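To start, the structure under review is shown below, and the notes come after it.
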Amino acid sequence: MFPQGLFERIQGLSFEEAGVPVLAVADVHSLAEEWGLSVREVELAALEIKVMPRRYLRSLGTVGWEGQKRLLRSRVTVVGLGGLGGYVSEALARMGVGELVLVDGDVFVDHNLNRQILSSNDVLGRSKAEVAKERIAHINPAVNVIPRSVYASAENLPSILKGCQVVVDALDNLPARLALQDAAQSLGIPMVHGAIAGFVGQVLTIFPGEPGLRGIYGDKPPEKGVEVEQGTPAATPMMVAAWQVQETLKILLHKGEPLRGRMLLMDAELGTAEFIEL
Amino acid sequence: MQVTVRVYASLRRHLPEKYSSNPIELELPEGTTVGEMIEKVLKLPHDSVKVVFVNGKHSDFDQLLSDGDRVGVFPPVAGG
């Protein structure tokens with residue numbers, strides 16, 4: 001599947017670092033240009049002959065050779081590109097998840113700036129999904145970002161989620177989160193839920209057939225939670241998004257034990273974390 | 001019987017003043033349910049509590065409390 005001679009060129013440009021043959025970012029790019037391939041295809045070719053694209057070297061011990069290939073061949077959909085979704089997309093892109101469908105119908109506004117990593121003064125008024133695509137192109141051009149500047153709904157979710165291995169719930173209201181869970185379940189896709197308010201946050205991974213958010217909130221949940229009074233300060237989305245990323249990677253890599261049937265509740269103000277069996 | 005209750009996030013603001021410690025140690029009559037404790041003792045509006053767990057297990061308002069139970073009361077959280 002890779003053109004003849006490519007492996008030899010990769011071998012020729014690779015060098016050893018910490019006992020691992022690696023290929024520098026600049027060489028990945030020149031090879032992509034030279035062979036008319038995507039950056040991701042060159043990275044996959046290197047991995048095929050046990051040459052690690054150097055940008056992933058510090059992930060190797062956790063992810064492994066097969067794991068890195070698996071990530072590059074995965075597709076994850078992140079729904080909501082605010083506080084949570086920004087950090088989640090950023091981290092998945094840095095890990096080299098090959099395709100990210102990034103969904104948000106909103107544009108950046110002033111009050112996003114206290115916490116949303118994708119926001120900055122110069123992107124106010126611009127589509128969150130388009131800004132995310134641009135930022136990720138700067139971070140890791142191996143990642144193919146499919147931006148969707150729409151609000152997720154029961155009508156459009158089936159087509160948005162189709163073909164992904166994991167969906168990340170980074171929305172900001174309960175009815176939309178329930179609709180996302182329903183759509184993910186009907187397609188047989190695991191969903192990684194995260195939500196925040198003030199100093200507290202929660203994380204839960206919901207597999208098809210599990211009651212998930214409906215088991216907690218019933219079928220008629222309130223629109224919003226206590227974030228309405230407590231707000232959403234800078235570090236709370238970092239705290240929860242980090243766990244959502246770990247959950248997503250574990251599912252993609254078939255590694256570890258997901259937060260399945262047990263929800264993690266963190267209250268940074270009290271300095272406590274609890275796991276609740278659902 | 002005695003139960004220990006931890007009240008999370010902004011729910012703490014709605015507690016009667018005498019329950020300012022966290023966790024709260026409560027002396028309750030036998031047969032008290034989770035819902036009675038939340039509404040009658042802690043005076044939290046029913047709608048303000050969305051997640052309750054007893055000894056680490058998700059529970060509902062009808063559950064009977066037992067001596068030594070460890071209860072957590074959590075509001076709905078939906079921000080992103």
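Letters A, B, ... mark the chains of the structure tokens in the order given; residue numbers begin at 1 per chain; ligand numbers begin at 1, in order shown.
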
Need the shell around stretch 37-43 of chain B: protein/DNA/RNA residues with any atom at most 9 Å away, counting only C-alpha atoms. Skip same-chain ones fewer than 2 positions apart. Format as a compact mmCIF listing (two decimals) with N, CA and C atoms, in the first residue's frame?
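Generated output (selection28.txt):
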```txt
# COMPACT_ATOMS: atom_id res chain seq x y z
N HIS B 14 -27.07 26.63 50.26
CA HIS B 14 -28.49 26.60 50.61
C HIS B 14 -28.75 25.90 51.93
N LEU B 15 -27.69 25.42 52.59
CA LEU B 15 -27.89 24.69 53.85
C LEU B 15 -28.20 25.64 55.00
N PRO B 16 -29.00 25.17 55.98
CA PRO B 16 -29.17 25.96 57.21
C PRO B 16 -27.80 26.21 57.85
N TYR B 19 -25.37 23.76 59.70
CA TYR B 19 -24.66 22.70 58.98
C TYR B 19 -23.50 23.25 58.16
N LEU B 26 -25.09 13.77 61.09
CA LEU B 26 -26.51 13.95 61.44
C LEU B 26 -26.98 12.81 62.32
N LEU B 28 -30.32 10.96 63.10
CA LEU B 28 -31.65 10.87 62.47
C LEU B 28 -32.45 9.73 63.10
N THR B 32 -35.63 6.94 58.49
CA THR B 32 -35.54 8.15 57.65
C THR B 32 -35.08 7.77 56.25
N THR B 33 -35.74 8.37 55.24
CA THR B 33 -35.31 8.10 53.86
C THR B 33 -34.32 9.18 53.41
N VAL B 34 -33.66 8.89 52.31
CA VAL B 34 -32.74 9.87 51.71
C VAL B 34 -33.49 11.17 51.42
N GLY B 35 -34.69 11.05 50.82
CA GLY B 35 -35.47 12.23 50.45
C GLY B 35 -35.85 13.07 51.66
N PRO B 45 -34.08 22.17 48.39
CA PRO B 45 -35.21 21.92 47.49
C PRO B 45 -34.98 20.65 46.66
N HIS B 46 -36.00 19.84 46.54
CA HIS B 46 -35.93 18.55 45.85
C HIS B 46 -35.26 18.69 44.48
N VAL B 49 -31.27 18.87 43.89
CA VAL B 49 -30.40 17.70 44.06
C VAL B 49 -30.67 16.72 42.92
N PHE B 61 -34.38 8.85 46.13
CA PHE B 61 -34.91 9.52 47.31
C PHE B 61 -35.66 8.60 48.26
N LEU B 65 -32.25 5.05 55.05
CA LEU B 65 -30.89 5.20 55.55
C LEU B 65 -30.62 4.24 56.70
N VAL B 73 -24.39 14.32 48.33
CA VAL B 73 -25.51 15.01 47.68
C VAL B 73 -24.91 15.98 46.66
```

What residues in chain B have any atom no more than 6 Å from chain A when counting only C-alpha atoms, and can you write them as a short mmCIF file (atom, residue, chain, number, x, y, z; two decimals) with C-alpha atoms, in the first residue's frame?
```cif
data_model
loop_
_atom_site.label_atom_id
_atom_site.label_comp_id
_atom_site.auth_asym_id
_atom_site.auth_seq_id
_atom_site.Cartn_x
_atom_site.Cartn_y
_atom_site.Cartn_z
CA GLY B 56 -20.54 5.15 47.03
CA LYS B 57 -23.63 3.79 45.27
CA HIS B 58 -26.08 5.84 43.27
CA PRO B 76 -26.92 18.90 38.42
CA VAL B 77 -23.76 19.96 36.59
CA ALA B 78 -23.99 20.64 32.87
CA GLY B 79 -21.41 23.31 31.90
CA GLY B 80 -18.79 22.79 29.24
#
```

Item to check | All strand (DSSP E) positions in stretch 10-125 of chain A, as a ChimeraX atom specification | outcome: /A:15-17,20-23,52-53,75-79,99-103

Checklist entry - Residues at most 9 Å from B:Pro29, counting only C-alpha atoms, excluding those fewer than 2 positions away in the same chain, as number ranges by chain? => result B: 1-2, 27, 31-32

Checklist entry - Excluding same-chain residues fewer than 2 positions from A:Phe15, what lies within 12 Å of it counting only C-alpha atoms, as a VMD selection string? => result chain A and resid 10 to 13 17 to 24 27 50 to 54

Take the residues from that selection and put them in a file with C-alpha atoms, as a tab-separated table (two decimals), in the first residue's frame.
```tsv
chain	number	residue	atom	x	y	z
A	10	ILE	CA	12.44	6.92	5.67
A	11	GLN	CA	15.20	4.61	6.85
A	12	GLY	CA	17.80	6.91	5.33
A	13	LEU	CA	16.47	10.00	7.08
A	17	GLU	CA	17.14	8.93	19.91
A	18	ALA	CA	16.89	7.28	23.31
A	19	GLY	CA	17.46	3.96	21.55
A	20	VAL	CA	14.49	4.44	19.22
A	21	PRO	CA	14.74	5.13	15.46
A	22	VAL	CA	12.91	8.41	14.88
A	23	LEU	CA	11.91	10.62	11.97
A	24	ALA	CA	11.97	14.39	12.49
A	27	ASP	CA	11.59	15.14	7.31
A	50	LYS	CA	9.42	0.72	13.35
A	51	VAL	CA	10.54	4.29	12.86
A	52	MET	CA	8.74	6.56	15.30
A	53	PRO	CA	7.68	9.99	14.05
A	54	ARG	CA	9.68	12.04	16.53
```

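Those residues that approach A:Leu253 to within 9 Å, counting only C-alpha atoms, are Val63, Glu66, Gly67, Gln68, Arg70, Leu71, Thr248 and Leu249 of chain A; same-chain residues fewer than 4 positions away are not listed.
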
Kindly export the residues of the current selection with C-alpha atoms, as a CSV table (one decimal), in the first residue's frame.
```csv
chain,number,residue,atom,x,y,z
A,63,VAL,CA,0.8,4.1,23.7
A,66,GLU,CA,0.7,-0.6,17.4
A,67,GLY,CA,-1.2,1.9,19.6
A,68,GLN,CA,0.2,4.9,17.7
A,70,ARG,CA,-4.2,2.6,15.9
A,71,LEU,CA,-4.6,6.3,17.0
A,248,THR,CA,-11.1,8.3,24.9
A,249,LEU,CA,-7.5,7.0,24.5
```

Next on the checklist: When you look at A:Ala142 with a cut-off of 9 Å (counting only C-alpha atoms), what residues show up, excluding the ones that are within fewer than 6 positions of it in the same chain? I need them as a PyMOL selection string.
Outcome noted: chain A and resi 38-43+72+93+96-99

Deliver the residues from the most recent selection as a file, using N, CA, C and O atoms, as an mmCIF file, in the first residue's frame.
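Here's the written file result10.cif:
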```
data_model
loop_
_atom_site.group_PDB
_atom_site.id
_atom_site.type_symbol
_atom_site.label_atom_id
_atom_site.label_comp_id
_atom_site.auth_asym_id
_atom_site.auth_seq_id
_atom_site.Cartn_x
_atom_site.Cartn_y
_atom_site.Cartn_z
ATOM 1 N N SER A 38 -0.066 12.261 2.163
ATOM 2 C CA SER A 38 -0.431 13.089 3.308
ATOM 3 C C SER A 38 0.592 12.873 4.424
ATOM 4 O O SER A 38 1.307 11.862 4.433
ATOM 5 N N VAL A 39 0.649 13.822 5.332
ATOM 6 C CA VAL A 39 1.548 13.715 6.484
ATOM 7 C C VAL A 39 1.229 12.440 7.266
ATOM 8 O O VAL A 39 2.114 11.702 7.694
ATOM 9 N N ARG A 40 -0.047 12.176 7.405
ATOM 10 C CA ARG A 40 -0.455 10.975 8.149
ATOM 11 C C ARG A 40 0.039 9.693 7.461
ATOM 12 O O ARG A 40 0.483 8.758 8.119
ATOM 13 N N GLU A 41 -0.043 9.658 6.126
ATOM 14 C CA GLU A 41 0.416 8.456 5.409
ATOM 15 C C GLU A 41 1.915 8.232 5.603
ATOM 16 O O GLU A 41 2.359 7.090 5.772
ATOM 17 N N VAL A 42 2.687 9.316 5.606
ATOM 18 C CA VAL A 42 4.132 9.168 5.826
ATOM 19 C C VAL A 42 4.389 8.666 7.249
ATOM 20 O O VAL A 42 5.220 7.774 7.464
ATOM 21 N N GLU A 43 3.658 9.200 8.208
ATOM 22 C CA GLU A 43 3.834 8.739 9.594
ATOM 23 C C GLU A 43 3.482 7.253 9.720
ATOM 24 O O GLU A 43 4.184 6.493 10.403
ATOM 25 N N LEU A 72 -3.622 6.855 14.807
ATOM 26 C CA LEU A 72 -3.606 7.557 13.520
ATOM 27 C C LEU A 72 -4.730 7.077 12.598
ATOM 28 O O LEU A 72 -5.149 7.797 11.699
ATOM 29 N N ALA A 93 -5.387 15.750 19.180
ATOM 30 C CA ALA A 93 -4.558 16.100 18.018
ATOM 31 C C ALA A 93 -3.083 15.876 18.337
ATOM 32 O O ALA A 93 -2.329 15.330 17.533
ATOM 33 N N GLY A 96 -2.109 12.392 18.083
ATOM 34 C CA GLY A 96 -2.119 11.841 16.735
ATOM 35 C C GLY A 96 -3.337 11.005 16.410
ATOM 36 O O GLY A 96 -3.238 10.038 15.654
ATOM 37 N N VAL A 97 -4.485 11.377 16.961
ATOM 38 C CA VAL A 97 -5.737 10.739 16.531
ATOM 39 C C VAL A 97 -6.015 11.245 15.113
ATOM 40 O O VAL A 97 -6.118 12.446 14.882
ATOM 41 N N GLY A 98 -6.100 10.325 14.159
ATOM 42 C CA GLY A 98 -6.032 10.684 12.740
ATOM 43 C C GLY A 98 -7.148 11.547 12.215
ATOM 44 O O GLY A 98 -6.924 12.388 11.343
ATOM 45 N N GLU A 99 -8.362 11.350 12.711
ATOM 46 C CA GLU A 99 -9.476 12.151 12.213
ATOM 47 C C GLU A 99 -10.296 12.668 13.373
ATOM 48 O O GLU A 99 -10.714 11.902 14.247
#
```

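The space separating atom CA of B:Asp60 from atom CA of A:Ala176 comes to 23.8 Å.
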
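Distances to B:Asp47 were evaluated for B:Gly68, B:Lys18, B:Pro23, B:Leu11 using only C-alpha atoms, and the minimum falls at B:Leu11.
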
Item to check | alpha helix (DSSP H) residues, from DSSP on the backbone, in stretch 12-243 of chain A, as an MDAnalysis selection string | outcome: chainID A and resid 12:13 25:35 39:48 60:63 65:72 83:95 128:139 157:161 174:186 212:217 227:230 235:243

Convert the current residue selection to file output with C-alpha atoms, as an mmCIF file, in the first residue's frame.
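Result went into out-v2.cif, see below:
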```
data_model
loop_
_atom_site.group_PDB
_atom_site.id
_atom_site.type_symbol
_atom_site.label_atom_id
_atom_site.label_comp_id
_atom_site.auth_asym_id
_atom_site.auth_seq_id
_atom_site.Cartn_x
_atom_site.Cartn_y
_atom_site.Cartn_z
ATOM 1 C CA GLY A 12 17.803 6.911 5.328
ATOM 2 C CA LEU A 13 16.475 10.004 7.081
ATOM 3 C CA VAL A 25 8.932 16.555 11.851
ATOM 4 C CA ALA A 26 10.672 18.436 9.037
ATOM 5 C CA ASP A 27 11.587 15.142 7.310
ATOM 6 C CA VAL A 28 8.018 13.847 7.579
ATOM 7 C CA HIS A 29 6.912 16.981 5.747
ATOM 8 C CA SER A 30 9.534 16.851 3.037
ATOM 9 C CA LEU A 31 8.730 13.180 2.402
ATOM 10 C CA ALA A 32 5.016 13.949 2.175
ATOM 11 C CA GLU A 33 5.780 16.569 -0.462
ATOM 12 C CA GLU A 34 8.318 14.407 -2.287
ATOM 13 C CA TRP A 35 5.967 11.424 -2.561
ATOM 14 C CA VAL A 39 1.548 13.715 6.484
ATOM 15 C CA ARG A 40 -0.455 10.975 8.149
ATOM 16 C CA GLU A 41 0.416 8.456 5.409
ATOM 17 C CA VAL A 42 4.132 9.168 5.826
ATOM 18 C CA GLU A 43 3.834 8.739 9.594
ATOM 19 C CA LEU A 44 2.018 5.426 9.126
ATOM 20 C CA ALA A 45 4.689 4.261 6.683
ATOM 21 C CA ALA A 46 7.409 5.110 9.211
ATOM 22 C CA LEU A 47 5.581 3.232 11.971
ATOM 23 C CA GLU A 48 5.261 0.252 9.644
ATOM 24 C CA LEU A 60 5.645 5.683 22.935
ATOM 25 C CA GLY A 61 6.023 4.266 26.435
ATOM 26 C CA THR A 62 2.306 4.692 27.088
ATOM 27 C CA VAL A 63 0.838 4.095 23.661
ATOM 28 C CA TRP A 65 3.980 1.099 18.290
ATOM 29 C CA GLU A 66 0.698 -0.605 17.448
ATOM 30 C CA GLY A 67 -1.171 1.902 19.591
ATOM 31 C CA GLN A 68 0.237 4.865 17.677
ATOM 32 C CA LYS A 69 -0.831 3.278 14.390
ATOM 33 C CA ARG A 70 -4.229 2.630 15.866
ATOM 34 C CA LEU A 71 -4.594 6.275 16.961
ATOM 35 C CA LEU A 72 -3.606 7.557 13.520
ATOM 36 C CA GLY A 83 -14.029 24.850 27.666
ATOM 37 C CA LEU A 84 -14.037 21.045 27.552
ATOM 38 C CA GLY A 85 -14.054 20.453 23.800
ATOM 39 C CA GLY A 86 -11.128 22.791 23.159
ATOM 40 C CA TYR A 87 -8.778 20.957 25.505
ATOM 41 C CA VAL A 88 -10.045 17.554 24.376
ATOM 42 C CA SER A 89 -9.484 18.338 20.673
ATOM 43 C CA GLU A 90 -6.076 19.815 21.366
ATOM 44 C CA ALA A 91 -4.872 16.769 23.320
ATOM 45 C CA LEU A 92 -6.280 14.231 20.850
ATOM 46 C CA ALA A 93 -4.558 16.100 18.018
ATOM 47 C CA ARG A 94 -1.237 16.075 19.881
ATOM 48 C CA MET A 95 -1.604 12.330 20.477
ATOM 49 C CA LYS A 128 -15.418 27.696 16.798
ATOM 50 C CA ALA A 129 -15.202 24.702 14.454
ATOM 51 C CA GLU A 130 -13.222 26.639 11.819
ATOM 52 C CA VAL A 131 -10.858 28.099 14.422
ATOM 53 C CA ALA A 132 -10.310 24.603 15.832
ATOM 54 C CA LYS A 133 -9.370 23.314 12.392
ATOM 55 C CA GLU A 134 -6.812 26.098 11.936
ATOM 56 C CA ARG A 135 -5.254 25.612 15.364
ATOM 57 C CA ILE A 136 -4.920 21.862 14.931
ATOM 58 C CA ALA A 137 -3.344 22.336 11.491
ATOM 59 C CA HIS A 138 -0.615 24.313 13.294
ATOM 60 C CA ILE A 139 -0.236 21.701 16.046
ATOM 61 C CA LEU A 157 -26.259 13.636 14.797
ATOM 62 C CA PRO A 158 -26.541 10.280 12.993
ATOM 63 C CA SER A 159 -24.646 11.638 9.971
ATOM 64 C CA ILE A 160 -22.151 13.548 12.145
ATOM 65 C CA LEU A 161 -21.292 10.541 14.315
ATOM 66 C CA LEU A 174 -28.535 18.479 29.614
ATOM 67 C CA PRO A 175 -31.162 18.011 26.877
ATOM 68 C CA ALA A 176 -28.460 18.178 24.180
ATOM 69 C CA ARG A 177 -26.306 15.748 26.153
ATOM 70 C CA LEU A 178 -29.204 13.270 26.353
ATOM 71 C CA ALA A 179 -29.837 13.607 22.603
ATOM 72 C CA LEU A 180 -26.143 12.916 21.996
ATOM 73 C CA GLN A 181 -26.232 9.845 24.221
ATOM 74 C CA ASP A 182 -29.281 8.522 22.327
ATOM 75 C CA ALA A 183 -27.630 9.057 18.944
ATOM 76 C CA ALA A 184 -24.343 7.478 20.070
ATOM 77 C CA GLN A 185 -26.162 4.481 21.502
ATOM 78 C CA SER A 186 -28.240 3.907 18.387
ATOM 79 C CA GLY A 212 -25.885 6.579 31.443
ATOM 80 C CA LEU A 213 -27.253 10.104 31.770
ATOM 81 C CA ARG A 214 -30.864 8.950 31.517
ATOM 82 C CA GLY A 215 -30.291 6.780 34.569
ATOM 83 C CA ILE A 216 -29.067 9.832 36.484
ATOM 84 C CA TYR A 217 -31.280 12.648 35.225
ATOM 85 C CA GLU A 227 -22.879 26.368 36.421
ATOM 86 C CA VAL A 228 -25.526 29.062 35.971
ATOM 87 C CA GLU A 229 -24.695 30.436 39.446
ATOM 88 C CA GLN A 230 -21.162 29.062 39.887
ATOM 89 C CA ALA A 235 -9.018 25.160 35.559
ATOM 90 C CA THR A 236 -12.253 23.178 35.914
ATOM 91 C CA PRO A 237 -12.530 22.360 32.198
ATOM 92 C CA MET A 238 -8.834 21.373 32.215
ATOM 93 C CA MET A 239 -9.470 18.965 35.098
ATOM 94 C CA VAL A 240 -12.428 17.261 33.427
ATOM 95 C CA ALA A 241 -11.187 17.417 29.821
ATOM 96 C CA ALA A 242 -7.983 15.657 30.904
ATOM 97 C CA TRP A 243 -10.006 12.701 32.173
#
```
